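Asker: Structure file target.cif (mmCIF, C-alpha atoms and all ligand atoms) is given on the next line.
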data_target
loop_
_atom_site.label_atom_id
_atom_site.label_comp_id
_atom_site.auth_asym_id
_atom_site.auth_seq_id
_atom_site.Cartn_x
_atom_site.Cartn_y
_atom_site.Cartn_z
CA MET A 1 92.02 218.86 212.07
CA THR A 2 91.17 222.49 211.52
CA SER A 3 92.59 225.64 213.01
CA PRO A 4 90.54 228.39 214.63
CA HIS A 5 90.42 230.02 211.20
CA GLY A 6 89.09 226.87 209.60
CA LEU A 7 92.43 226.36 207.94
CA SER A 8 94.22 223.07 207.81
CA ALA A 9 96.29 222.90 210.97
CA VAL A 10 98.60 220.28 209.50
CA ALA A 11 101.48 222.65 209.01
CA PRO A 12 103.72 221.45 206.20
CA PRO A 13 107.44 221.70 206.91
CA VAL A 14 109.20 224.68 205.37
CA ASP A 15 110.39 223.11 202.17
CA ARG A 16 113.22 224.70 200.22
CA SER A 17 112.17 222.87 197.09
CA GLY A 18 109.37 225.41 197.11
CA THR A 19 106.75 222.67 197.00
CA ASN A 20 104.70 224.10 199.83
CA PHE A 21 104.65 227.54 198.33
CA SER A 22 104.47 226.69 194.68
CA PRO A 23 101.30 227.66 192.83
CA GLU A 24 101.62 224.60 190.64
CA ARG A 25 101.08 222.26 193.57
CA GLN A 26 98.03 220.26 192.59
CA THR A 27 96.16 218.40 195.29
CA THR A 28 92.49 217.78 195.74
CA GLY A 29 92.73 217.87 199.50
CA SER A 30 91.33 214.34 199.49
CA THR A 31 92.68 211.79 201.92
CA THR A 32 92.08 208.94 199.48
CA GLY A 33 95.00 207.81 197.34
CA SER A 34 94.83 208.01 193.55
CA ALA A 35 94.06 204.27 193.27
CA ASP A 36 90.83 204.57 195.24
CA ARG A 37 89.69 207.99 194.15
CA LEU A 38 85.99 208.50 194.47
CA THR A 39 85.78 211.21 191.82
CA THR A 40 86.20 210.23 188.21
CA GLY A 41 87.58 213.57 186.99
CA PRO A 42 88.38 215.84 185.44
CA THR A 43 86.15 217.70 187.88
CA ALA A 44 86.05 221.38 188.78
CA ALA A 45 88.19 220.50 191.80
CA ASP A 46 90.83 218.98 189.53
CA ARG A 47 91.10 222.26 187.67
CA ILE A 48 92.37 224.11 190.74
CA GLY A 49 95.29 223.36 193.00
CA SER A 50 95.32 223.60 196.75
CA SER A 51 95.56 227.17 197.99
CA VAL A 52 99.20 227.99 198.53
CA ILE A 53 98.18 230.73 200.89
CA ARG A 54 95.97 228.44 202.94
CA ASP A 55 98.92 226.08 203.34
CA LEU A 56 101.08 228.99 204.33
CA LEU A 57 98.58 230.31 206.85
CA ALA A 58 98.65 226.94 208.55
CA LEU A 59 102.37 227.44 209.08
CA THR A 60 101.86 230.83 210.60
CA GLU A 61 99.63 229.41 213.30
CA ARG A 62 102.76 228.37 215.14
CA PRO A 63 102.96 229.99 218.57
CA GLY A 64 105.17 233.08 218.67
CA VAL A 65 104.98 233.76 214.94
CA ILE A 66 104.08 237.34 214.04
CA SER A 67 102.09 236.62 210.95
CA LEU A 68 101.94 239.24 208.22
CA ALA A 69 100.61 236.53 205.92
CA GLY A 70 96.80 236.50 206.09
CA GLY A 71 94.64 239.46 205.11
CA LEU A 72 92.72 239.47 208.38
CA PRO A 73 90.95 242.59 209.62
CA ASP A 74 91.54 243.66 213.22
CA LEU A 75 88.31 242.73 214.95
CA ASP A 76 89.42 244.41 218.19
CA LEU A 77 88.55 247.66 216.43
CA LEU A 78 84.90 246.59 216.19
CA ASP A 79 82.77 247.80 219.11
CA PRO A 80 81.47 244.68 220.97
CA GLU A 81 78.37 246.59 222.13
CA ARG A 82 77.49 247.29 218.54
CA ILE A 83 77.84 243.63 217.55
CA ARG A 84 75.65 242.63 220.49
CA ALA A 85 73.01 245.19 219.50
CA ALA A 86 73.00 243.87 215.93
CA ALA A 87 72.65 240.27 217.15
CA ASP A 88 69.86 241.24 219.57
CA HIS A 89 68.07 243.07 216.79
CA ALA A 90 68.35 240.00 214.52
CA ALA A 91 66.99 237.78 217.29
CA SER A 92 64.07 240.07 218.07
CA LEU A 93 62.47 240.18 214.62
CA SER A 94 59.41 238.10 214.16
CA GLY A 95 57.57 237.47 210.86
CA ALA A 96 54.63 235.49 209.48
CA HIS A 97 56.65 232.27 209.75
CA GLY A 98 58.26 232.76 213.14
CA PRO A 99 61.61 234.35 214.02
CA VAL A 100 62.89 235.94 210.77
CA ALA A 101 66.55 235.22 211.55
CA LEU A 102 65.91 231.49 211.81
CA GLN A 103 63.64 231.10 208.80
CA TYR A 104 64.42 230.54 205.10
CA GLY A 105 64.68 233.77 203.14
CA PRO A 106 64.74 234.94 199.54
CA THR A 107 67.63 233.78 197.32
CA ALA A 108 68.54 237.34 196.32
CA GLY A 109 68.79 238.38 199.96
CA LEU A 110 66.71 240.25 202.53
CA ALA A 111 65.06 243.44 201.31
CA THR A 112 66.54 245.55 204.14
CA LEU A 113 70.09 244.61 203.26
CA ARG A 114 69.56 244.89 199.51
CA GLU A 115 68.15 248.38 200.10
CA ALA A 116 71.09 249.43 202.28
CA VAL A 117 73.59 248.16 199.69
CA GLY A 118 71.63 249.52 196.72
CA GLU A 119 71.57 252.96 198.30
CA ARG A 120 75.35 252.91 198.68
CA LEU A 121 75.90 251.76 195.07
CA GLY A 122 73.26 254.06 193.53
CA VAL A 123 71.08 251.21 192.22
CA ASP A 124 67.64 249.86 193.08
CA ALA A 125 67.45 247.18 195.75
CA ASP A 126 66.13 244.68 193.20
CA GLU A 127 69.39 244.99 191.23
CA VAL A 128 71.41 243.74 194.20
CA VAL A 129 72.13 240.12 195.12
CA ILE A 130 73.43 239.27 198.58
CA THR A 131 76.07 236.54 198.51
CA THR A 132 77.77 234.37 201.10
CA GLY A 133 80.94 236.48 201.15
CA SER A 134 82.17 238.15 197.99
CA GLN A 135 84.09 234.93 197.30
CA GLN A 136 80.79 233.24 196.56
CA GLY A 137 79.95 236.17 194.31
CA LEU A 138 83.12 235.53 192.31
CA ASP A 139 82.42 231.81 192.10
CA LEU A 140 78.80 232.27 190.97
CA LEU A 141 79.81 234.93 188.47
CA ALA A 142 82.53 232.74 187.02
CA ARG A 143 80.05 229.92 186.50
CA ALA A 144 77.39 232.30 185.18
CA VAL A 145 79.47 233.95 182.47
CA ILE A 146 82.31 231.59 181.58
CA ALA A 147 82.14 228.60 179.29
CA PRO A 148 85.05 226.15 179.50
CA GLY A 149 87.97 227.54 177.48
CA ASP A 150 86.92 231.20 177.75
CA GLU A 151 89.69 233.59 178.70
CA VAL A 152 89.73 235.75 181.81
CA ALA A 153 92.37 238.48 181.91
CA LEU A 154 93.61 239.95 185.18
CA GLN A 155 96.52 241.80 186.70
CA GLU A 156 99.44 239.59 187.62
CA PRO A 157 100.24 239.00 190.52
CA ALA A 158 96.65 238.21 191.43
CA TYR A 159 94.20 237.37 194.22
CA LEU A 160 94.26 233.60 194.05
CA GLY A 161 90.71 233.14 195.34
CA ALA A 162 89.47 234.73 192.13
CA VAL A 163 91.88 232.72 190.01
CA GLN A 164 90.58 229.53 191.62
CA ALA A 165 86.96 230.48 190.96
CA PHE A 166 87.69 231.24 187.30
CA ARG A 167 89.72 228.06 186.83
CA ALA A 168 87.05 225.92 188.48
CA ALA A 169 84.59 227.28 185.91
CA GLY A 170 86.95 226.13 183.15
CA ALA A 171 88.47 229.52 182.30
CA THR A 172 91.92 230.03 180.91
CA VAL A 173 93.45 232.73 183.09
CA VAL A 174 95.62 235.28 181.28
CA GLY A 175 97.95 237.28 183.54
CA LEU A 176 98.60 240.84 182.37
CA PRO A 177 101.23 243.20 183.73
CA GLY A 178 100.40 246.02 186.10
CA ASP A 179 102.17 248.69 188.13
CA ASP A 180 101.38 251.24 190.81
CA ARG A 181 98.58 252.59 188.58
CA GLY A 182 96.91 249.19 188.37
CA LEU A 183 96.29 246.90 185.42
CA ASP A 184 98.25 247.85 182.29
CA VAL A 185 95.39 248.60 179.96
CA ASP A 186 97.73 248.93 176.94
CA ALA A 187 98.67 245.28 177.43
CA LEU A 188 94.98 244.40 177.38
CA ASN A 189 94.55 246.45 174.22
CA ALA A 190 97.45 244.57 172.61
CA LEU A 191 95.78 241.28 173.48
CA ILE A 192 92.55 242.45 171.89
CA ALA A 193 94.37 243.80 168.80
CA ALA A 194 96.00 240.37 168.37
CA GLY A 195 92.50 238.86 168.13
CA ASN A 196 92.45 237.45 171.67
CA ALA A 197 89.81 239.55 173.38
CA PRO A 198 89.10 237.90 176.74
CA ARG A 199 85.52 237.14 177.76
CA VAL A 200 86.06 238.75 181.16
CA VAL A 201 88.52 241.20 182.73
CA TYR A 202 88.76 240.92 186.51
CA VAL A 203 90.08 243.95 188.39
CA VAL A 204 90.69 244.93 191.99
CA ALA A 205 90.90 248.61 191.10
CA ASP A 206 91.08 249.86 194.70
CA HIS A 207 93.91 248.67 196.96
CA HIS A 208 94.71 245.62 194.89
CA ASN A 209 95.43 242.31 196.58
CA PRO A 210 98.40 241.71 196.70
CA THR A 211 100.14 244.89 195.42
CA GLY A 212 97.96 247.57 197.05
CA ALA A 213 97.85 249.52 193.76
CA VAL A 214 94.95 251.86 192.94
CA MET A 215 93.97 252.00 189.28
CA SER A 216 94.40 255.48 187.80
CA PRO A 217 91.35 257.42 186.51
CA GLY A 218 92.77 257.31 182.95
CA ARG A 219 93.13 253.54 182.99
CA ARG A 220 89.65 253.11 184.46
CA ALA A 221 88.16 255.14 181.64
CA ARG A 222 90.16 253.26 179.01
CA LEU A 223 89.19 249.90 180.46
CA ARG A 224 85.51 250.84 180.30
CA GLU A 225 85.93 251.92 176.66
CA LEU A 226 87.71 248.70 175.70
CA ALA A 227 85.08 246.61 177.46
CA ASP A 228 82.25 248.45 175.74
CA ALA A 229 83.81 248.25 172.30
CA ASN A 230 84.74 244.57 172.53
CA GLY A 231 81.86 242.97 174.41
CA ILE A 232 84.01 242.23 177.45
CA LEU A 233 82.48 241.88 180.90
CA VAL A 234 84.45 243.66 183.63
CA ILE A 235 84.28 242.26 187.15
CA GLU A 236 85.16 244.97 189.66
CA ASP A 237 86.13 243.37 192.95
CA ALA A 238 85.74 246.15 195.51
CA ALA A 239 86.62 244.16 198.64
CA TYR A 240 89.03 246.87 199.89
CA ARG A 241 87.38 249.94 198.38
CA ASP A 242 86.09 251.39 201.67
CA LEU A 243 89.45 251.00 203.43
CA ARG A 244 90.76 254.18 201.83
CA TRP A 245 92.78 256.96 203.42
CA GLY A 246 94.05 258.43 200.13
CA PRO A 247 92.16 260.54 197.59
CA PRO A 248 88.72 259.25 196.53
CA THR A 249 88.31 257.27 193.31
CA ARG A 250 85.36 256.65 191.02
CA PRO A 251 84.15 253.07 190.85
CA LEU A 252 84.35 251.28 187.50
CA PHE A 253 80.75 250.26 187.93
CA ALA A 254 78.02 252.49 186.53
CA PRO A 255 74.40 251.49 185.91
CA ARG A 256 73.87 249.99 182.43
CA SER A 257 77.61 249.45 181.86
CA PRO A 258 79.20 246.04 181.18
CA VAL A 259 80.60 246.01 184.71
CA VAL A 260 79.67 243.81 187.64
CA HIS A 261 80.52 245.26 191.04
CA VAL A 262 81.32 242.76 193.77
CA GLY A 263 81.48 244.01 197.36
CA SER A 264 81.98 242.63 200.83
CA ALA A 265 81.24 243.24 204.50
CA SER A 266 84.34 241.23 205.42
CA LYS A 267 86.95 243.94 205.52
CA VAL A 268 84.74 246.72 206.89
CA LEU A 269 82.77 244.69 209.45
CA ALA A 270 83.68 241.05 209.98
CA PRO A 271 84.65 238.23 207.60
CA GLY A 272 83.04 235.57 209.78
CA LEU A 273 79.61 236.94 208.94
CA ARG A 274 80.21 235.82 205.33
CA VAL A 275 78.16 238.57 203.74
CA GLY A 276 78.93 240.04 200.32
CA TRP A 277 76.93 241.53 197.46
CA MET A 278 76.94 242.26 193.77
CA THR A 279 75.15 244.32 191.18
CA GLY A 280 75.52 244.46 187.40
CA PRO A 281 73.82 243.81 184.07
CA THR A 282 70.39 242.19 184.50
CA ASP A 283 71.10 239.04 182.51
CA VAL A 284 74.26 238.38 184.53
CA ILE A 285 72.46 238.95 187.83
CA ASP A 286 69.62 236.63 186.73
CA ALA A 287 72.08 233.88 185.87
CA VAL A 288 73.87 234.36 189.19
CA LEU A 289 70.57 234.04 191.03
CA ARG A 290 69.77 230.72 189.35
CA LEU A 291 73.17 229.39 190.37
CA LYS A 292 72.84 230.74 193.89
CA GLN A 293 69.57 228.91 194.30
CA ALA A 294 71.39 225.71 193.45
CA ALA A 295 74.42 226.57 195.57
CA ASP A 296 72.92 227.48 198.95
CA LEU A 297 69.33 228.77 198.53
CA HIS A 298 70.35 231.98 200.26
CA THR A 299 72.93 233.60 202.51
CA PRO A 300 72.26 233.02 206.25
CA THR A 301 69.38 235.25 207.33
CA TRP A 302 70.79 235.99 210.79
CA ASN A 303 74.04 237.30 209.29
CA GLN A 304 72.22 239.45 206.75
CA LEU A 305 70.10 241.00 209.49
CA MET A 306 73.20 241.80 211.53
CA VAL A 307 74.98 243.42 208.58
CA ALA A 308 71.87 245.39 207.55
CA HIS A 309 71.60 246.66 211.11
CA MET A 310 75.26 247.66 211.32
CA LEU A 311 75.23 249.45 207.95
CA ASP A 312 72.33 251.52 209.25
CA ASP A 313 72.96 251.97 212.97
CA GLY A 314 74.75 255.29 212.48
CA HIS A 315 78.11 253.96 213.74
CA GLN A 316 79.56 252.72 210.45
CA PRO A 317 81.13 256.03 209.30
CA ARG A 318 82.93 256.36 212.64
CA HIS A 319 84.01 252.72 212.55
CA LEU A 320 85.41 253.14 209.03
CA GLU A 321 87.30 256.23 210.15
CA ARG A 322 88.71 254.29 213.07
CA ILE A 323 89.97 251.34 211.04
CA ARG A 324 91.37 253.58 208.30
CA THR A 325 93.31 255.62 210.87
CA ALA A 326 94.65 252.50 212.60
CA TYR A 327 95.58 250.72 209.36
CA ARG A 328 97.23 253.82 208.00
CA SER A 329 99.54 254.22 211.01
CA ARG A 330 100.30 250.51 210.90
CA ALA A 331 101.27 250.69 207.22
CA VAL A 332 103.50 253.67 207.94
CA ALA A 333 105.12 251.98 210.96
CA LEU A 334 105.93 248.80 209.05
CA ALA A 335 107.29 250.65 206.01
CA ASP A 336 109.30 252.96 208.22
CA GLU A 337 110.93 250.15 210.22
CA LEU A 338 111.74 248.17 207.06
CA THR A 339 113.39 251.11 205.34
CA THR A 340 115.23 252.18 208.51
CA ARG A 341 116.66 248.68 208.94
CA LEU A 342 117.25 247.76 205.32
CA GLY A 343 117.78 251.04 203.47
CA ASP A 344 118.24 250.63 199.72
CA ALA A 345 118.04 246.84 199.95
CA VAL A 346 114.28 247.08 200.02
CA GLU A 347 111.54 249.04 198.33
CA VAL A 348 108.10 249.15 199.91
CA THR A 349 104.92 250.70 198.64
CA ALA A 350 103.16 253.49 200.53
CA PRO A 351 99.58 252.25 200.24
CA ASP A 352 96.70 254.68 200.54
CA GLY A 353 94.28 252.04 201.64
CA GLY A 354 93.73 248.31 202.02
CA MET A 355 95.66 245.87 204.14
CA PHE A 356 98.91 245.14 202.31
CA LEU A 357 102.42 246.47 201.78
CA TRP A 358 104.11 245.19 198.65
CA MET A 359 107.83 244.76 199.17
CA THR A 360 110.50 244.35 196.49
CA THR A 361 114.06 243.35 197.34
CA ARG A 362 116.68 245.44 195.57
CA ASP A 363 119.82 243.54 196.53
CA GLY A 364 118.97 240.11 195.15
CA THR A 365 117.44 238.72 198.36
CA ASP A 366 115.20 235.84 197.37
CA THR A 367 111.83 236.13 199.15
CA ASP A 368 111.08 232.39 199.01
CA ASP A 369 114.37 231.74 200.84
CA LEU A 370 113.76 234.69 203.15
CA LEU A 371 110.45 233.19 204.24
CA ASP A 372 112.18 229.99 205.38
CA ARG A 373 114.55 232.00 207.56
CA ALA A 374 111.82 234.40 208.69
CA ILE A 375 109.69 231.53 210.02
CA GLU A 376 112.68 230.40 212.09
CA VAL A 377 112.78 233.82 213.79
CA GLY A 378 109.00 234.03 214.12
CA VAL A 379 107.77 236.11 211.19
CA ALA A 380 105.59 235.07 208.27
CA PHE A 381 104.60 236.79 205.05
CA VAL A 382 103.52 235.64 201.61
CA PRO A 383 106.24 235.59 198.95
CA GLY A 384 105.28 237.12 195.61
CA SER A 385 105.69 233.80 193.83
CA ALA A 386 102.50 232.60 195.55
CA PHE A 387 100.41 235.12 193.63
CA ARG A 388 101.61 234.06 190.20
CA THR A 389 98.98 232.61 187.92
CA ARG A 390 101.20 231.21 185.22
CA PRO A 391 101.49 227.45 184.93
CA PRO A 392 104.79 225.76 185.81
CA GLY A 393 107.59 226.19 183.31
CA SER A 394 105.99 229.10 181.50
CA ASP A 395 107.07 231.83 183.86
CA THR A 396 109.88 233.64 182.15
CA GLU A 397 110.30 236.27 184.83
CA ALA A 398 110.29 234.14 187.97
CA ASP A 399 109.18 236.39 190.81
CA ASN A 400 111.39 235.76 193.79
CA THR A 401 112.03 239.37 194.74
CA THR A 402 108.62 240.44 195.99
CA ALA A 403 106.42 239.76 199.00
CA ARG A 404 103.07 240.78 200.46
CA LEU A 405 103.08 241.97 204.06
CA ALA A 406 99.68 242.31 205.73
CA PHE A 407 99.73 245.09 208.31
CA ALA A 408 96.05 245.38 209.28
CA SER A 409 95.67 243.01 212.20
CA ARG A 410 98.90 243.70 214.14
CA PRO A 411 99.66 246.59 216.48
CA GLU A 412 102.52 248.88 215.51
CA GLU A 413 105.05 247.50 218.00
CA GLN A 414 104.57 243.99 216.59
CA LEU A 415 104.94 245.23 213.03
CA ARG A 416 108.17 246.98 213.97
CA ALA A 417 109.41 243.84 215.73
CA ALA A 418 108.56 241.79 212.63
CA ALA A 419 110.55 244.21 210.45
CA ARG A 420 113.55 243.98 212.80
CA ARG A 421 113.42 240.19 212.69
CA LEU A 422 113.24 240.24 208.90
CA ALA A 423 116.30 242.50 208.79
CA GLU A 424 118.19 240.01 211.00
CA VAL A 425 117.72 237.17 208.50
CA TRP A 426 117.95 239.26 205.33
CA ARG A 427 120.62 237.81 202.99
CA PRO A 428 121.30 238.89 199.43
C1 LIG B 501 90.44 240.80 196.47
C2 LIG B 501 89.54 239.93 197.30
N1 LIG B 501 88.33 239.65 196.84
C3 LIG B 501 87.48 238.86 197.52
C4 LIG B 501 87.85 238.32 198.73
C5 LIG B 501 86.87 237.41 199.44
O1 LIG B 501 86.38 238.02 200.59
P1 LIG B 501 85.00 237.61 201.29
O2 LIG B 501 84.52 236.34 200.67
O3 LIG B 501 85.32 237.47 202.72
O4 LIG B 501 84.05 238.73 201.01
C6 LIG B 501 89.11 238.58 199.26
C7 LIG B 501 89.52 237.98 200.53
O5 LIG B 501 90.58 238.18 201.04
C8 LIG B 501 89.99 239.41 198.52
O6 LIG B 501 91.21 239.70 198.94
#
Once more with this new file: its structure as structure tokens, please.
Answerer:
Amino acid sequence: MTSPHGLSAVAPPVDRSGTNFSPERQTTGSTTGSADRLTTGPTAADRIGSSVIRDLLALTERPGVISLAGGLPDLDLLDPERIRAAADHAASLSGAHGPVALQYGPTAGLATLREAVGERLGVDADEVVITTGSQQGLDLLARAVIAPGDEVALQEPAYLGAVQAFRAAGATVVGLPGDDRGLDVDALNALIAAGNAPRVVYVVADHHNPTGAVMSPGRRARLRELADANGILVIEDAAYRDLRWGPPTRPLFAPRSPVVHVGSASKVLAPGLRVGWMTGPTDVIDAVLRLKQAADLHTPTWNQLMVAHMLDDGHQPRHLERIRTAYRSRAVALADELTTRLGDAVEVTAPDGGMFLWMTTRDGTDTDDLLDRAIEVGVAFVPGSAFRTRPPGSDTEADNTTARLAFASRPEEQLRAAARRLAEVWRP
């Protein structure tokens, strides 16, 4: 059974053992028992566990729950007329082989979309690959550049979708510390100095998932230097980059640098279209293209045509302004209600973009326990422990004092109500 979001609708019970929310939970999602397994393993699927967050999202589907768990954009802010116009445009195009939207297309993506993306990134269209969501970009990249046993360093806590892609490719994931200025580049330097230079560094430099941090200009420059000097490939995941209401930043990516830029239409248009893109060093892009051919031939033509149309229809700047303004007031409302209700017991970030507040409890309240009680009163969030990459038993600083609260898809009154409910069940 699947939910409207395509998530498993079999909601696991809230389990105080932590099993449902523990990153170490390893299942293949198969319904066959171990005795009659059809895969002989170890396969790529065996290298990754089930997604803790997917399990959690299933829970939040319960009626009446105000979910601050999933990072869903608010699609009510997207003009329906505009979507219709983009779909009509896609349907109306006719080529040498019939309706373009319904025909096979090039593996690298449609020229119109590659041009629109290339223009935004300051590269030629032929340096851009269109992917089926940026998640596919991460998966293809992982398989293109990682050999089993290679190390991938990233900021801990981390976006688990990326961790899963790297692990499936056989990478050893190394979690590095970070703070409100992003990945701690000195920690990366120490790793390199100890003779353990990773093959890849993965960064979400703008509005990090889950912490919301923006990497400082100094750290960006240092990361580029370290990558250059040590033959490290940097993957810049820019999924949230355009959701900014704070000061502008410079991307890590620059032409002819060892940086791959991965972008997405999901957060700025609609995730259901499954359109993402990447650009980077030619050999990496070539390898990605070979793998994409094997993976899905190309990203759905209809969806690419719709996105190309919407990036160019003249409404995108206004739409971005609209979602930034709405998300900003939502972030402020949620932070304000939490601090009004909980005072010094809680610390929340003041994000200048993205979709997430990062909350730290200051009075010993355990966020795994809090989630159990929160679900009972109709609120869901993702506890910080879910974003940990370290294997079981090795986590010296168990993270049970943090949580990610997604504010983007809920109106302010609901966010304030969620904060009030959390305060009711808050227990140090
Ligand atoms: C940091 C980050 N990167 C990539 C993705 C994947 O997004 P999509 O495949 O929809 O482009 C997500 C989704 O939430 C994300 O948070």
Asker: Name the closest residue to ligand LIG 501 (chain B) among the candidates A:Ala69, A:Leu102, A:Ala197, A:Ala90; distances are taken between atoms, counting only C-alpha atoms and all ligand atoms.
Answerer: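 Answer, going by the shortest atom-to-atom distance: A:Ala69.
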Asker: Of the candidates A:Ala144, A:Ala239, A:Ile232, A:Val382, which shows the shortest atom-to-atom distance to ligand LIG 501 (chain B), using only C-alpha atoms and all ligand atoms?
Answerer: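 Among the listed residues, the smallest separation from ligand LIG 501 (chain B) belongs to A:Ala239.
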Asker: If you count all atoms listed in the file, which residues fall within 12 Å of A:Gly212, apart from same-chain ones fewer than 3 positions away, as a PyMOL selection string?
Answerer: chain A and resi 71+155+157-159+178-183+204-209+215+239-241+243-244+246+331+348-359+403-407
Asker: Residues within 8 Å of (79.5, 234.6, 203.0), file coordinates, counting all atoms listed in the file: what are they? Give the list as a list in words.
Answerer: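 Using all atoms listed in the file, the matching residues come out as Thr131, Thr132, Gly133, Ser134, Gln135, Gln136, Pro271, Gly272, Leu273, Arg274, Val275, Gly276 and Thr299 of chain A.
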Asker: Distance atom CA of A:Arg167-atom CA of A:Ala153, one decimal place?
Answerer: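 According to the coordinates, atom CA of A:Arg167 and atom CA of A:Ala153 are separated by 11.8 Å.
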Asker: From the options A:Ala96, A:Ala45, A:Val377, A:Ala165, which residue's atoms come nearest to ligand LIG 501 (chain B), counting only C-alpha atoms and all ligand atoms?
Answerer: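 Checking each of A:Ala96, A:Ala45, A:Val377, A:Ala165 against ligand LIG 501 (chain B), counting only C-alpha atoms and all ligand atoms, the winner is A:Ala165.
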Asker: For A:Arg421, please output as JSON, numbers by chain all residues within 8 Å (counting all atoms listed in the file; exclusion window: fewer than 3 positions along the same chain).
Answerer: {"A": [374, 377, 378, 379, 417, 418, 424, 425]}
Asker: Considering only C-alpha atoms, state which residue in the set A:Arg199, A:Arg318, A:Arg420, A:Arg224 is at the smallest distance from A:Leu334.
Answerer: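 With only C-alpha atoms as the atom set, the closest residue is A:Arg420.
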Asker: To one decimal in Å, tell me the separation between atom CA of A:Gly49 and atom CA of A:Ser385.
Answerer: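 Separation between atom CA of A:Gly49 and atom CA of A:Ser385: 14.8 Å.
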Asker: In Å, with one decimal, what is the gap from atom CA of A:Ala419 to atom C7 of ligand LIG 501 (chain B)?
Answerer: 24.1 Å
Asker: I need the residue nearest A:Gly384 from this list: A:Ala91, A:Ala294, A:Ala142, A:Leu160. Use only C-alpha atoms for the distance.
Answerer: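 Nearest candidate to A:Gly384 out of A:Ala91, A:Ala294, A:Ala142, A:Leu160: A:Leu160.
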Asker: Excluding A:Val129 and residues on its chain fewer than 3 positions from it, collect all residues at most 12 Å away from it, counting only C-alpha atoms, and give them as a count of residues only.
Answerer: 50
